[in-house]
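Engineer: Following this message is one structure expressed as structure tokens.
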Amino acid sequence: MFSIGQLSKQTGVKVPTIRYYEQVGLLVSAGRTEGNQRRYDKEGLERLGFIRHARDLGFSIEAISALIDLQQHPDRSCQEATEIAQDQLADVREKLRRLTALETELVRISEGCDGDGSSNDCYVLTSLADHRHCRTEH
């Protein structure tokens with residue numbers, strides 16, 4: 001059995017976050033000792049590790065909940081899990097596309113100023129003040 005502090009140390013998840021995961025139903029509420037301390041079993045530790053990894057990969061709370069539900073029903077097809085992972089991959093690719101556009105614009109703006117003039121004539125400041133100086137939507 002693990003205290004909430006031990007669970008936190010082993011998974012790297014902060015105590016308030018563990019409590020939040022319990023509140024939203026991702027993590028089963030732990031049993032309590034006579035001293036009212038939460039006690040988690042190995043399954044709770046493994047579940048929290050699963051949640052942590054999924055969050056690190058950017059999955060939403062809702063997606064993680066659906067994945068946990070699939071875990072609890074081993075007779076169901078894994079197609080839903082694949083679709084959830086594919087949706088997350090599409091979201092990541094869209095973020096990468098936007099970040100690449102942002103990077104391109106920032107390179108262009110930062111290279112447009114040699115740093116020798118006054119701030120009154122600074123290309124960076126002028127570009128930030130007026131979006132029409134940008135070449136792409138970002």
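Residue names in the structure tokens use chain letters A, B, ... in the order shown, residue numbers from 1 in each chain, and ligand numbers from 1 in the order shown.
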Can you list, as number ranges by chain, every protein, DNA or RNA residue that comes within 12 Å of range 76-91 of chain A when you count only C-alpha atoms, leaving out same-chain residues fewer than 6 positions away?

Structural biologist: A: 54-70, 97-98

Engineer: Of the residues A:Cys134, A:Leu45, A:Leu27, A:Val124, which is the one nearest to Glu111 in chain A, using only C-alpha atoms?

Structural biologist: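 Distance minimum relative to Glu111 in chain A lands on A:Val124.
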
Engineer: Of the candidates A:Ile4, A:Ile109, A:Val15, A:Ile51, which shows the shortest atom-to-atom distance to Ala30 in chain A, using only C-alpha atoms?

Structural biologist: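 Residue with the minimum atom-to-atom distance to Ala30 in chain A: A:Ile4.
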
Engineer: Rounded to one decimal in Å, what is the spacing between CA of Arg135 in chain A and CA of Thr104 in chain A?

Structural biologist: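 Calculated distance between CA of Arg135 in chain A and CA of Thr104 in chain A is 9.4 Å.
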
Engineer: Give the strand (DSSP E) residues of range 18-110 of chain A, as DSSP finds them on the backbone, and put them as a PyMOL selection string.

Structural biologist: chain A and resi 31-32+38-39

Engineer: If DSSP is run on the backbone, what residues of chain A are alpha helix (DSSP H)? A reply as an mmCIF file with N, CA and C atoms, in the first residue's frame would be ideal.

Structural biologist:
data_model
loop_
_atom_site.group_PDB
_atom_site.id
_atom_site.type_symbol
_atom_site.label_atom_id
_atom_site.label_comp_id
_atom_site.auth_asym_id
_atom_site.auth_seq_id
_atom_site.Cartn_x
_atom_site.Cartn_y
_atom_site.Cartn_z
ATOM 1 N N ILE A 4 -0.407 8.804 -0.467
ATOM 2 C CA ILE A 4 -0.496 9.702 -1.618
ATOM 3 C C ILE A 4 0.866 10.337 -1.901
ATOM 4 N N GLY A 5 1.645 10.586 -0.857
ATOM 5 C CA GLY A 5 2.988 11.129 -1.028
ATOM 6 C C GLY A 5 3.914 10.153 -1.733
ATOM 7 N N GLN A 6 3.826 8.883 -1.363
ATOM 8 C CA GLN A 6 4.644 7.857 -2.008
ATOM 9 C C GLN A 6 4.240 7.700 -3.473
ATOM 10 N N LEU A 7 2.943 7.736 -3.714
ATOM 11 C CA LEU A 7 2.441 7.640 -5.082
ATOM 12 C C LEU A 7 2.981 8.807 -5.909
ATOM 13 N N SER A 8 2.962 9.978 -5.326
ATOM 14 C CA SER A 8 3.462 11.176 -5.991
ATOM 15 C C SER A 8 4.947 11.032 -6.332
ATOM 16 N N LYS A 9 5.732 10.574 -5.379
ATOM 17 C CA LYS A 9 7.167 10.407 -5.603
ATOM 18 C C LYS A 9 7.454 9.382 -6.687
ATOM 19 N N GLN A 10 6.729 8.280 -6.683
ATOM 20 C CA GLN A 10 7.003 7.209 -7.637
ATOM 21 C C GLN A 10 6.563 7.552 -9.058
ATOM 22 N N THR A 11 5.564 8.402 -9.191
ATOM 23 C CA THR A 11 5.045 8.717 -10.525
ATOM 24 C C THR A 11 5.426 10.105 -11.022
ATOM 25 N N VAL A 15 0.630 15.866 -5.664
ATOM 26 C CA VAL A 15 -0.477 15.438 -4.807
ATOM 27 C C VAL A 15 -1.803 16.097 -5.204
ATOM 28 N N PRO A 16 -1.855 17.422 -5.422
ATOM 29 C CA PRO A 16 -3.140 18.018 -5.818
ATOM 30 C C PRO A 16 -3.675 17.442 -7.140
ATOM 31 N N THR A 17 -2.771 17.084 -8.026
ATOM 32 C CA THR A 17 -3.187 16.497 -9.305
ATOM 33 C C THR A 17 -3.762 15.103 -9.086
ATOM 34 N N ILE A 18 -3.163 14.344 -8.190
ATOM 35 C CA ILE A 18 -3.698 13.024 -7.861
ATOM 36 C C ILE A 18 -5.116 13.167 -7.311
ATOM 37 N N ARG A 19 -5.308 14.124 -6.423
ATOM 38 C CA ARG A 19 -6.650 14.366 -5.874
ATOM 39 C C ARG A 19 -7.627 14.757 -6.986
ATOM 40 N N TYR A 20 -7.154 15.593 -7.922
ATOM 41 C CA TYR A 20 -7.996 15.998 -9.046
ATOM 42 C C TYR A 20 -8.391 14.785 -9.885
ATOM 43 N N TYR A 21 -7.432 13.910 -10.163
ATOM 44 C CA TYR A 21 -7.738 12.714 -10.950
ATOM 45 C C TYR A 21 -8.786 11.851 -10.248
ATOM 46 N N GLU A 22 -8.742 11.821 -8.935
ATOM 47 C CA GLU A 22 -9.783 11.115 -8.188
ATOM 48 C C GLU A 22 -11.131 11.808 -8.371
ATOM 49 N N GLN A 23 -11.142 13.121 -8.277
ATOM 50 C CA GLN A 23 -12.397 13.890 -8.397
ATOM 51 C C GLN A 23 -13.060 13.692 -9.749
ATOM 52 N N LYS A 42 -1.206 -1.397 -5.701
ATOM 53 C CA LYS A 42 -0.363 -1.456 -6.891
ATOM 54 C C LYS A 42 -1.163 -1.066 -8.133
ATOM 55 N N GLU A 43 -2.429 -1.438 -8.182
ATOM 56 C CA GLU A 43 -3.277 -1.085 -9.317
ATOM 57 C C GLU A 43 -3.439 0.439 -9.431
ATOM 58 N N GLY A 44 -3.577 1.105 -8.297
ATOM 59 C CA GLY A 44 -3.659 2.567 -8.293
ATOM 60 C C GLY A 44 -2.379 3.200 -8.802
ATOM 61 N N LEU A 45 -1.248 2.642 -8.396
ATOM 62 C CA LEU A 45 0.047 3.121 -8.863
ATOM 63 C C LEU A 45 0.170 2.944 -10.371
ATOM 64 N N GLU A 46 -0.220 1.780 -10.864
ATOM 65 C CA GLU A 46 -0.144 1.513 -12.304
ATOM 66 C C GLU A 46 -1.091 2.416 -13.083
ATOM 67 N N ARG A 47 -2.291 2.624 -12.560
ATOM 68 C CA ARG A 47 -3.255 3.499 -13.222
ATOM 69 C C ARG A 47 -2.718 4.920 -13.303
ATOM 70 N N LEU A 48 -2.131 5.397 -12.212
ATOM 71 C CA LEU A 48 -1.584 6.745 -12.211
ATOM 72 C C LEU A 48 -0.423 6.855 -13.195
ATOM 73 N N GLY A 49 0.378 5.819 -13.305
ATOM 74 C CA GLY A 49 1.459 5.807 -14.293
ATOM 75 C C GLY A 49 0.911 5.884 -15.716
ATOM 76 N N PHE A 50 -0.174 5.169 -15.971
ATOM 77 C CA PHE A 50 -0.847 5.199 -17.270
ATOM 78 C C PHE A 50 -1.339 6.616 -17.571
ATOM 79 N N ILE A 51 -1.999 7.219 -16.589
ATOM 80 C CA ILE A 51 -2.540 8.569 -16.756
ATOM 81 C C ILE A 51 -1.407 9.555 -17.021
ATOM 82 N N ARG A 52 -0.352 9.453 -16.244
ATOM 83 C CA ARG A 52 0.794 10.364 -16.400
ATOM 84 C C ARG A 52 1.375 10.260 -17.800
ATOM 85 N N HIS A 53 1.563 9.043 -18.282
ATOM 86 C CA HIS A 53 2.139 8.846 -19.608
ATOM 87 C C HIS A 53 1.212 9.401 -20.688
ATOM 88 N N ALA A 54 -0.076 9.124 -20.549
ATOM 89 C CA ALA A 54 -1.048 9.634 -21.524
ATOM 90 C C ALA A 54 -1.064 11.168 -21.520
ATOM 91 N N ARG A 55 -1.002 11.779 -20.338
ATOM 92 C CA ARG A 55 -0.974 13.244 -20.259
ATOM 93 C C ARG A 55 0.311 13.787 -20.887
ATOM 94 N N ASP A 56 1.435 13.105 -20.649
ATOM 95 C CA ASP A 56 2.699 13.523 -21.259
ATOM 96 C C ASP A 56 2.607 13.512 -22.784
ATOM 97 N N ILE A 61 -8.234 14.721 -20.752
ATOM 98 C CA ILE A 61 -8.849 13.956 -19.666
ATOM 99 C C ILE A 61 -9.943 13.045 -20.234
ATOM 100 N N GLU A 62 -10.729 13.575 -21.157
ATOM 101 C CA GLU A 62 -11.820 12.797 -21.752
ATOM 102 C C GLU A 62 -11.288 11.596 -22.520
ATOM 103 N N ALA A 63 -10.217 11.800 -23.286
ATOM 104 C CA ALA A 63 -9.626 10.691 -24.041
ATOM 105 C C ALA A 63 -9.059 9.640 -23.091
ATOM 106 N N ILE A 64 -8.404 10.083 -22.031
ATOM 107 C CA ILE A 64 -7.841 9.142 -21.064
ATOM 108 C C ILE A 64 -8.957 8.356 -20.394
ATOM 109 N N SER A 65 -10.029 9.022 -20.080
ATOM 110 C CA SER A 65 -11.177 8.335 -19.477
ATOM 111 C C SER A 65 -11.703 7.246 -20.404
ATOM 112 N N ALA A 66 -11.807 7.557 -21.681
ATOM 113 C CA ALA A 66 -12.272 6.565 -22.654
ATOM 114 C C ALA A 66 -11.291 5.401 -22.767
ATOM 115 N N LEU A 67 -10.003 5.697 -22.731
ATOM 116 C CA LEU A 67 -8.989 4.640 -22.798
ATOM 117 C C LEU A 67 -9.029 3.750 -21.557
ATOM 118 N N ILE A 68 -9.228 4.356 -20.400
ATOM 119 C CA ILE A 68 -9.337 3.576 -19.163
ATOM 120 C C ILE A 68 -10.575 2.691 -19.227
ATOM 121 N N ASP A 69 -11.664 3.228 -19.741
ATOM 122 C CA ASP A 69 -12.888 2.439 -19.889
ATOM 123 C C ASP A 69 -12.640 1.227 -20.787
ATOM 124 N N LEU A 70 -11.884 1.422 -21.860
ATOM 125 C CA LEU A 70 -11.538 0.293 -22.734
ATOM 126 C C LEU A 70 -10.692 -0.736 -22.001
ATOM 127 N N GLN A 71 -9.760 -0.262 -21.190
ATOM 128 C CA GLN A 71 -8.919 -1.182 -20.413
ATOM 129 C C GLN A 71 -9.767 -2.073 -19.506
ATOM 130 N N GLN A 79 -10.220 -0.910 -31.567
ATOM 131 C CA GLN A 79 -10.378 0.095 -32.618
ATOM 132 C C GLN A 79 -10.596 1.490 -32.035
ATOM 133 N N GLU A 80 -11.362 1.565 -30.968
ATOM 134 C CA GLU A 80 -11.612 2.865 -30.348
ATOM 135 C C GLU A 80 -10.316 3.477 -29.812
ATOM 136 N N ALA A 81 -9.467 2.657 -29.231
ATOM 137 C CA ALA A 81 -8.179 3.156 -28.733
ATOM 138 C C ALA A 81 -7.328 3.664 -29.891
ATOM 139 N N THR A 82 -7.347 2.947 -30.983
ATOM 140 C CA THR A 82 -6.604 3.369 -32.170
ATOM 141 C C THR A 82 -7.126 4.704 -32.671
ATOM 142 N N GLU A 83 -8.433 4.864 -32.704
ATOM 143 C CA GLU A 83 -9.030 6.118 -33.175
ATOM 144 C C GLU A 83 -8.675 7.278 -32.244
ATOM 145 N N ILE A 84 -8.679 7.027 -30.955
ATOM 146 C CA ILE A 84 -8.309 8.077 -29.991
ATOM 147 C C ILE A 84 -6.849 8.484 -30.208
ATOM 148 N N ALA A 85 -5.977 7.497 -30.406
ATOM 149 C CA ALA A 85 -4.564 7.792 -30.645
ATOM 150 C C ALA A 85 -4.382 8.528 -31.969
ATOM 151 N N GLN A 86 -5.128 8.151 -32.985
ATOM 152 C CA GLN A 86 -5.030 8.824 -34.281
ATOM 153 C C GLN A 86 -5.530 10.266 -34.192
ATOM 154 N N ASP A 87 -6.591 10.501 -33.417
ATOM 155 C CA ASP A 87 -7.074 11.867 -33.205
ATOM 156 C C ASP A 87 -6.003 12.714 -32.514
ATOM 157 N N GLN A 88 -5.339 12.130 -31.532
ATOM 158 C CA GLN A 88 -4.275 12.848 -30.824
ATOM 159 C C GLN A 88 -3.128 13.143 -31.779
ATOM 160 N N LEU A 89 -2.785 12.197 -32.623
ATOM 161 C CA LEU A 89 -1.728 12.405 -33.606
ATOM 162 C C LEU A 89 -2.100 13.535 -34.563
ATOM 163 N N ALA A 90 -3.343 13.581 -35.008
ATOM 164 C CA ALA A 90 -3.793 14.668 -35.893
ATOM 165 C C ALA A 90 -3.680 16.014 -35.190
ATOM 166 N N ASP A 91 -4.054 16.056 -33.905
ATOM 167 C CA ASP A 91 -3.934 17.304 -33.138
ATOM 168 C C ASP A 91 -2.470 17.746 -33.034
ATOM 169 N N VAL A 92 -1.578 16.810 -32.778
ATOM 170 C CA VAL A 92 -0.155 17.132 -32.659
ATOM 171 C C VAL A 92 0.380 17.635 -33.998
ATOM 172 N N ARG A 93 -0.024 16.987 -35.079
ATOM 173 C CA ARG A 93 0.439 17.433 -36.397
ATOM 174 C C ARG A 93 -0.058 18.842 -36.721
ATOM 175 N N GLU A 94 -1.276 19.164 -36.334
ATOM 176 C CA GLU A 94 -1.801 20.506 -36.551
ATOM 177 C C GLU A 94 -1.026 21.526 -35.714
ATOM 178 N N LYS A 95 -0.712 21.183 -34.495
ATOM 179 C CA LYS A 95 0.088 22.087 -33.658
ATOM 180 C C LYS A 95 1.474 22.291 -34.258
ATOM 181 N N LEU A 96 2.059 21.212 -34.773
ATOM 182 C CA LEU A 96 3.366 21.327 -35.418
ATOM 183 C C LEU A 96 3.292 22.234 -36.643
ATOM 184 N N ARG A 97 2.231 22.110 -37.424
ATOM 185 C CA ARG A 97 2.051 22.961 -38.602
ATOM 186 C C ARG A 97 1.990 24.427 -38.185
ATOM 187 N N ARG A 98 1.206 24.712 -37.140
ATOM 188 C CA ARG A 98 1.088 26.098 -36.660
ATOM 189 C C ARG A 98 2.415 26.596 -36.093
ATOM 190 N N LEU A 99 3.114 25.741 -35.356
ATOM 191 C CA LEU A 99 4.412 26.144 -34.803
ATOM 192 C C LEU A 99 5.445 26.391 -35.895
ATOM 193 N N THR A 100 5.416 25.602 -36.953
ATOM 194 C CA THR A 100 6.338 25.806 -38.067
ATOM 195 C C THR A 100 6.066 27.143 -38.744
ATOM 196 N N ALA A 101 4.786 27.474 -38.929
ATOM 197 C CA ALA A 101 4.432 28.773 -39.506
ATOM 198 C C ALA A 101 4.885 29.902 -38.587
ATOM 199 N N LEU A 102 4.709 29.717 -37.305
ATOM 200 C CA LEU A 102 5.140 30.715 -36.331
ATOM 201 C C LEU A 102 6.655 30.881 -36.364
ATOM 202 N N GLU A 103 7.361 29.773 -36.438
ATOM 203 C CA GLU A 103 8.814 29.821 -36.499
ATOM 204 C C GLU A 103 9.274 30.592 -37.734
ATOM 205 N N THR A 104 8.674 30.298 -38.865
ATOM 206 C CA THR A 104 9.044 30.971 -40.109
ATOM 207 C C THR A 104 8.848 32.482 -39.992
ATOM 208 N N GLU A 105 7.730 32.875 -39.444
ATOM 209 C CA GLU A 105 7.440 34.307 -39.287
ATOM 210 C C GLU A 105 8.400 34.968 -38.307
ATOM 211 N N LEU A 106 8.700 34.294 -37.214
ATOM 212 C CA LEU A 106 9.633 34.864 -36.231
ATOM 213 C C LEU A 106 11.049 34.984 -36.802
ATOM 214 N N VAL A 107 11.464 34.015 -37.585
ATOM 215 C CA VAL A 107 12.775 34.104 -38.235
ATOM 216 C C VAL A 107 12.799 35.315 -39.157
ATOM 217 N N ARG A 108 11.754 35.470 -39.952
ATOM 218 C CA ARG A 108 11.682 36.582 -40.897
ATOM 219 C C ARG A 108 11.719 37.926 -40.170
ATOM 220 N N ILE A 109 10.934 38.035 -39.099
ATOM 221 C CA ILE A 109 10.888 39.293 -38.347
ATOM 222 C C ILE A 109 12.236 39.577 -37.688
ATOM 223 N N SER A 110 12.812 38.566 -37.038
ATOM 224 C CA SER A 110 14.071 38.802 -36.315
ATOM 225 C C SER A 110 15.223 39.088 -37.272
ATOM 226 N N GLU A 111 15.198 38.516 -38.452
ATOM 227 C CA GLU A 111 16.259 38.785 -39.424
ATOM 228 C C GLU A 111 16.040 40.110 -40.157
ATOM 229 N N TYR A 123 12.480 47.098 -36.924
ATOM 230 C CA TYR A 123 11.595 46.266 -37.725
ATOM 231 C C TYR A 123 10.816 45.275 -36.851
ATOM 232 N N VAL A 124 11.442 44.766 -35.834
ATOM 233 C CA VAL A 124 10.767 43.827 -34.926
ATOM 234 C C VAL A 124 9.580 44.521 -34.264
ATOM 235 N N LEU A 125 9.821 45.682 -33.699
ATOM 236 C CA LEU A 125 8.747 46.408 -33.014
ATOM 237 C C LEU A 125 7.650 46.828 -33.988
ATOM 238 N N THR A 126 8.037 47.269 -35.181
ATOM 239 C CA THR A 126 7.054 47.658 -36.194
ATOM 240 C C THR A 126 6.202 46.458 -36.606
ATOM 241 N N SER A 127 6.831 45.318 -36.789
ATOM 242 C CA SER A 127 6.098 44.114 -37.186
ATOM 243 C C SER A 127 5.132 43.654 -36.104
ATOM 244 N N LEU A 128 5.561 43.745 -34.859
ATOM 245 C CA LEU A 128 4.686 43.329 -33.761
ATOM 246 C C LEU A 128 3.520 44.301 -33.575
ATOM 247 N N ALA A 129 3.742 45.565 -33.915
ATOM 248 C CA ALA A 129 2.695 46.569 -33.743
ATOM 249 C C ALA A 129 1.629 46.495 -34.832
#

Engineer: Provide the CA of Gly31 in chain A to CA of Gly12 in chain A distance in Å, to one decimal place.

Structural biologist: 21.0 Å

Engineer: Between CA of Gly115 in chain A and CA of Asp130 in chain A, what distance in Å does the model show, to one decimal?

Structural biologist: 19.1 Å
